[in-house]
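Read through the structure below, which is laid out as C-alpha cells, and then see the notes.
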Amino acid sequence: MNTVIIGAGYAGLTAALELRRLLPKSETVTVVSASEDFIFLPSLIWIAQGERDPADIAFPIRPVLEEAGIEFICAHLETINPPKKSISLSKGQSMNYDKLLIATGGEWNWDALPGLGPEPIGHTVSILSARDALNVRAQWQALLVDPGPIVIGVTLNTGLYGAAYEFALNLDVALHKAGVRDRASITFITPEPYLGHFGHDGLGDSRHIIEEAFSHRKIMSVTEAQIDHIEAGAVVLATMQRLISKFTMIVPPYRGIKAIRDVPDLADEEGRIPVDEFYRSPAYLDIFSAGIAMQVKPPVLTTLPCGVLIPGTVSAQMGRSAAANIAADFGHGELVARSADSLKSFYVLDFGSQGLFMSLGSKSWLNVQLNIPGPWSHWAKVAAERYQMWQLQSGRY
Ligand SMILES: Cc1cc2nc3c(=O)[nH]c(=O)nc-3n(C[C@H](O)[C@H](O)[C@H](O)COP(=O)(O)OP(=O)(O)OC[C@H]3O[C@@H](n4cnc5c(N)ncnc54)[C@H](O)[C@@H]3O)c2cc1C
C-alpha cells in the first residue's frame, strides 16, 4: 500500500511523520512537495523588518523525512486523476497512490483585485513568501527615512489576519523608534465586522485588546471594508472612499492550487477541498485533505465574506488526524472523528512592544487571552518559532 502526501508544510510534514509511526515498514509513505525547505511562515514579517534572514526560519525537509523512512520528491503536483488513482508531477513523473493526502496550503490570488500584488503586477507590497518579504526590506527602510500615509489590510475571503495586524503594529513601533511616527498615518482596512473578529466572532477578548491597541497607537481602521481597486498611491474602497497611501500591504484571498481546481467535484469554487470529520473527501474516498488546502466554513455569518483564521498548529493537528484515519483505513488503529472546529490551539500576536496570546477552539472556548506587556510578546513569539521549528524538524510536532 502506498500513501502519497502532497505538501510538506505544517499539515503535510506532521501527517507524514505521524503516518510513518502508525504504519508498518511494508507500507510506503511518499511526500511530494514544491520546496526542499520548510519555511516558518509566522516569522516572515521579521524578514521584511530586517530582523531575520530566510535561512534563520527554514530547514531542509529531505533529511527529516528520509531519516524517518519516508521517500521525498521535490516537485510540483500538476494533475490528479482520481479514477486511476494517479498523479503527475512537474518533472514528467507520474505515480499511483492507494491513499492521497492533499496538504498544499493555498495559492495567493493576486488577480482578485485590480492593482493587488507587488510591482510589476500591482501596487502593494507582499510579505507572504521569503522572497517577497526580502524585497520589502528596502521599502520599509525607505519609509522610515521618508514616511507618508500607510494602508495595511486584508481582502474578502482571506483568513490571514494575524500577519496584517502584526505588520501594522510593528510598523507603528518602527516609525516611533525612527522618530517619524507623526509624519505617517496608518490605516487598517478589513472586511471583519470589528477588529479582532478573525472570522471566528472574536477569540476571547481579542476585539477589545486590538481596538484598544489601535486607539492607543492612533492606528485608524475601516471595518466591513471592501476594496474596489488599488492604484499607485491610493486604495479605493467599494464605497469610493479613497485612501491615499505611500506604502500599501494588502493580504489577498487564497485559493486552492490549479491541480486541485481542475479535478471535477473535488473542491469548492475557491479550490478548497470539503472534507468530512475524518478529513476525507466525500467525492473521492481515497483522497484526504488537511491544513489550509481544505475547506473550513466560517463558524459565523458576516456581512462581507470573511475568511477564517487557521493557525499553523491547527493545520498540524488536522494533518495528524488525517494520518490516523488513513492508517485506520489500512487496518492500523481506529478512525478518529476530529473536525476542524473541535481542535484547540493558540496564536501569539506580536504587537512590537506588547502582545496578545489567544487560545482557539470554537466548540469550547477556553477564553484565555493574555495581553502580554512589553518585549515579552516578542520573546514569546521567538520562543514559539524556535520550539515549533525544533518540534517539526525532530518529528515531535
Ligand atoms: C505571513 C504569514 C504569517 C503567519 N503567521 C502565523 C502565526 O503567527 N501563527 C500561526 O499559527 N500561523 C500563522 N500563519 C498561518 C500558518 O502559516 C498556516 O496556518 C500554515 O502554514 C498552514 O499549513 P499548511 O500545511 O496547510 O500549508 P502550508 O504551510 O502553506 O504548506 C503547503 C505545502 O505545500 C507545498 N505545495 C504547494 N503547492 C504545491 C504543489 N503544486 N505541488 C507540491 N507541493 C506544493 C508547499 O511547498 C508547502 O510545503 C501565517 C502564515 C503566513 C503566510
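Naming scheme: A, B, ... for chains in displayed order of the C-alpha cells; residues 1 onward per chain; ligands 1 onward as shown.
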Can you write out as CSV which residues of chain A fall within 7 Å of ligand 1, alongside each residue's closest atom pair and its distance in Å to one decimal, counting only C-alpha atoms and all ligand atoms and ordering rows by chain and ascending residue number?
```
residue,atom,partner,partner_atom_place_in_ligand_line,distance
A:Ile6,CA,ligand 1,44 (N),5.4
A:Gly7,CA,ligand 1,34 (O),3.3
A:Ala8,CA,ligand 1,49 (O),3.7
A:Gly9,CA,ligand 1,31 (O),3.5
A:Tyr10,CA,ligand 1,25 (O),3.8
A:Ala11,CA,ligand 1,25 (O),3.7
A:Gly12,CA,ligand 1,25 (O),5.5
A:Val32,CA,ligand 1,43 (C),5.7
A:Ser33,CA,ligand 1,44 (N),3.6
A:Ala34,CA,ligand 1,44 (N),3.9
A:Ser35,CA,ligand 1,47 (O),4.6
A:Phe38,CA,ligand 1,49 (O),6.4
A:Phe40,CA,ligand 1,17 (O),7.0
A:Leu41,CA,ligand 1,52 (C),4.7
A:Pro42,CA,ligand 1,5 (N),3.3
A:Ser43,CA,ligand 1,3 (C),6.6
A:Leu44,CA,ligand 1,1 (C),5.3
A:Ile45,CA,ligand 1,1 (C),6.3
A:Ala75,CA,ligand 1,43 (C),5.8
A:His76,CA,ligand 1,42 (N),3.5
A:Leu77,CA,ligand 1,42 (N),3.8
A:Glu78,CA,ligand 1,41 (N),6.4
A:Ala103,CA,ligand 1,26 (O),5.5
A:Thr104,CA,ligand 1,34 (O),3.3
A:Gly105,CA,ligand 1,27 (O),3.5
A:Gly106,CA,ligand 1,30 (O),5.9
A:Ile127,CA,ligand 1,1 (C),5.8
A:Leu128,CA,ligand 1,1 (C),4.7
A:Ser129,CA,ligand 1,53 (C),6.9
A:Leu160,CA,ligand 1,51 (C),6.4
A:Gly162,CA,ligand 1,5 (N),6.0
A:Ala163,CA,ligand 1,3 (C),4.7
A:Ile257,CA,ligand 1,41 (N),6.2
A:Ala259,CA,ligand 1,41 (N),6.9
A:Ala290,CA,ligand 1,26 (O),6.3
A:Gly291,CA,ligand 1,26 (O),3.3
A:Ile292,CA,ligand 1,26 (O),4.0
A:Ala293,CA,ligand 1,26 (O),5.7
A:Ile310,CA,ligand 1,19 (O),4.9
A:Pro311,CA,ligand 1,11 (O),3.3
A:Gly312,CA,ligand 1,19 (O),3.6
A:Thr313,CA,ligand 1,11 (O),5.5
A:Val314,CA,ligand 1,19 (O),7.0
A:Ser315,CA,ligand 1,23 (O),5.1
A:Ala316,CA,ligand 1,25 (O),6.8
A:Tyr347,CA,ligand 1,9 (N),5.4
A:Val348,CA,ligand 1,8 (O),6.2
A:Leu349,CA,ligand 1,8 (O),6.4
```
Could you pull the residues within 10 Å of Met249 in chain A, counting only C-alpha atoms, minus those fewer than 5 positions along the same chain, as a ChimeraX atom specification? /A:116-118,123-127,136,150-154,164,167-168,188
Next, the residues of the selection above should be written as an mmCIF file, in the first residue's frame with C-alpha atoms.
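Final output, saved to again-v8.cif:
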```
data_model
loop_
_atom_site.group_PDB
_atom_site.id
_atom_site.type_symbol
_atom_site.label_atom_id
_atom_site.label_comp_id
_atom_site.auth_asym_id
_atom_site.auth_seq_id
_atom_site.Cartn_x
_atom_site.Cartn_y
_atom_site.Cartn_z
ATOM 1 C CA LEU A 116 -3.241 43.956 -5.981
ATOM 2 C CA GLY A 117 0.246 42.448 -5.695
ATOM 3 C CA PRO A 118 3.850 43.583 -5.806
ATOM 4 C CA HIS A 123 0.973 48.459 -6.315
ATOM 5 C CA THR A 124 1.140 46.632 -2.991
ATOM 6 C CA VAL A 125 3.993 45.028 -1.083
ATOM 7 C CA SER A 126 3.811 41.403 -0.005
ATOM 8 C CA ILE A 127 5.269 39.573 2.989
ATOM 9 C CA VAL A 136 10.040 44.694 1.161
ATOM 10 C CA ILE A 150 0.300 53.818 5.056
ATOM 11 C CA VAL A 151 -2.561 51.401 4.341
ATOM 12 C CA ILE A 152 -2.438 47.841 5.679
ATOM 13 C CA GLY A 153 -5.248 45.342 5.397
ATOM 14 C CA VAL A 154 -6.889 42.198 4.158
ATOM 15 C CA ALA A 164 -1.698 42.043 8.733
ATOM 16 C CA PHE A 167 2.578 44.206 10.326
ATOM 17 C CA ALA A 168 0.585 47.367 11.162
ATOM 18 C CA PHE A 188 -6.063 49.323 8.632
#
```
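Surrounding range 273-287 of chain A within 6 Å are Lys99, Leu100, Leu101, Ala267, Met294, Gln295, Ala322, Ala337, Arg338 and Ser339 of chain A, with only C-alpha atoms counted and residues fewer than 6 positions along the same chain left out.
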Could you write out the selected residues, including N, CA and C atoms, as a CSV table (one decimal), in the first residue's frame?
```
chain,number,residue,atom,x,y,z
A,99,LYS,N,-3.8,5.9,-1.2
A,99,LYS,CA,-4.4,7.0,-0.5
A,99,LYS,C,-3.6,8.2,-0.8
A,100,LEU,N,-4.3,9.3,-1.0
A,100,LEU,CA,-3.7,10.6,-1.3
A,100,LEU,C,-4.1,11.6,-0.3
A,101,LEU,N,-3.1,12.3,0.3
A,101,LEU,CA,-3.4,13.4,1.3
A,101,LEU,C,-2.9,14.7,0.7
A,267,ALA,N,-13.2,20.2,-5.3
A,267,ALA,CA,-13.1,21.4,-4.5
A,267,ALA,C,-14.2,22.3,-4.7
A,294,MET,N,-7.8,22.6,2.8
A,294,MET,CA,-9.2,22.1,2.9
A,294,MET,C,-10.2,23.2,3.2
A,295,GLN,N,-11.4,23.0,3.0
A,295,GLN,CA,-12.4,24.0,3.2
A,295,GLN,C,-12.8,24.1,4.7
A,322,ALA,N,-5.8,13.3,10.0
A,322,ALA,CA,-5.9,12.7,8.6
A,322,ALA,C,-5.0,11.4,8.6
A,337,ALA,N,-12.7,10.8,14.6
A,337,ALA,CA,-13.5,11.9,14.1
A,337,ALA,C,-13.1,13.1,14.9
A,338,ARG,N,-12.5,14.1,14.3
A,338,ARG,CA,-12.0,15.2,15.0
A,338,ARG,C,-12.1,16.4,14.0
A,339,SER,N,-13.3,17.0,14.0
A,339,SER,CA,-13.5,18.1,13.0
A,339,SER,C,-12.6,19.3,13.3
```
- Task: DSSP on the backbone, then: every residue of range 45-162 of chain A marked alpha helix (DSSP H), written as a ChimeraX atom specification.
- Result: /A:45-48,61-68,130-145,161-162
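Going from CA of His378 in chain A over to CA of Gly352 in chain A, you cover 6.5 Å.
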Could you give me, as a CSV table (one decimal) with C-alpha atoms, in the first residue's frame, each residue of range 204-381 of chain A that DSSP assigns to strand (DSSP E) when run on this structure's backbone?
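Once everything was written out, this is out-v2.csv:
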```
chain,number,residue,atom,x,y,z
A,219,ILE,CA,-3.9,53.5,14.0
A,220,MET,CA,-7.1,54.3,12.1
A,221,SER,CA,-9.3,51.5,10.9
A,222,VAL,CA,-12.2,50.8,8.4
A,227,ILE,CA,-11.6,47.2,-1.7
A,228,ASP,CA,-12.6,48.1,-5.2
A,229,HIS,CA,-9.1,48.6,-6.6
A,230,ILE,CA,-5.6,49.7,-5.8
A,231,GLU,CA,-3.7,52.4,-7.6
A,234,ALA,CA,-4.1,55.0,-3.2
A,235,VAL,CA,-6.5,52.3,-2.1
A,236,VAL,CA,-10.1,52.8,-3.4
A,237,LEU,CA,-12.9,51.2,-1.4
A,242,ARG,CA,-10.1,56.9,-1.5
A,243,LEU,CA,-7.3,56.2,1.0
A,244,ILE,CA,-4.0,57.9,0.0
A,247,PHE,CA,3.1,52.1,1.3
A,248,THR,CA,0.4,49.5,0.9
A,249,MET,CA,0.3,46.0,2.2
A,250,ILE,CA,-2.9,44.1,1.5
A,251,VAL,CA,-3.3,40.3,2.1
A,254,TYR,CA,-6.2,32.5,-1.2
A,255,ARG,CA,-7.5,29.6,-3.3
A,287,ILE,CA,-8.4,11.4,-1.1
A,288,PHE,CA,-7.9,13.2,2.2
A,289,SER,CA,-7.0,16.8,2.9
A,345,SER,CA,-4.8,25.8,19.5
A,346,PHE,CA,-3.2,29.1,20.3
A,347,TYR,CA,-2.0,32.1,18.4
A,348,VAL,CA,0.5,34.8,19.6
A,349,LEU,CA,0.2,38.2,18.0
A,350,ASP,CA,3.4,40.3,18.3
A,354,GLN,CA,3.2,44.4,23.5
A,355,GLY,CA,1.3,41.2,22.5
A,356,LEU,CA,-1.7,39.0,22.6
A,357,PHE,CA,-1.9,35.4,23.4
A,358,MET,CA,-5.2,33.8,22.2
A,359,SER,CA,-6.4,30.3,22.6
A,360,LEU,CA,-8.6,28.8,19.9
A,369,GLN,CA,-6.4,35.7,26.1
A,370,LEU,CA,-3.5,37.4,27.7
A,371,ASN,CA,-2.4,40.9,27.0
A,372,ILE,CA,1.3,40.4,27.1
A,373,PRO,CA,3.1,43.6,28.2
```
Worksheet item: Can you tell me how far CA of Pro83 in chain A sits from CA of Gly256 in chain A, in Å to one decimal?
Response: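 Answer for the CA of Pro83 in chain A to CA of Gly256 in chain A separation: 20.4 Å.
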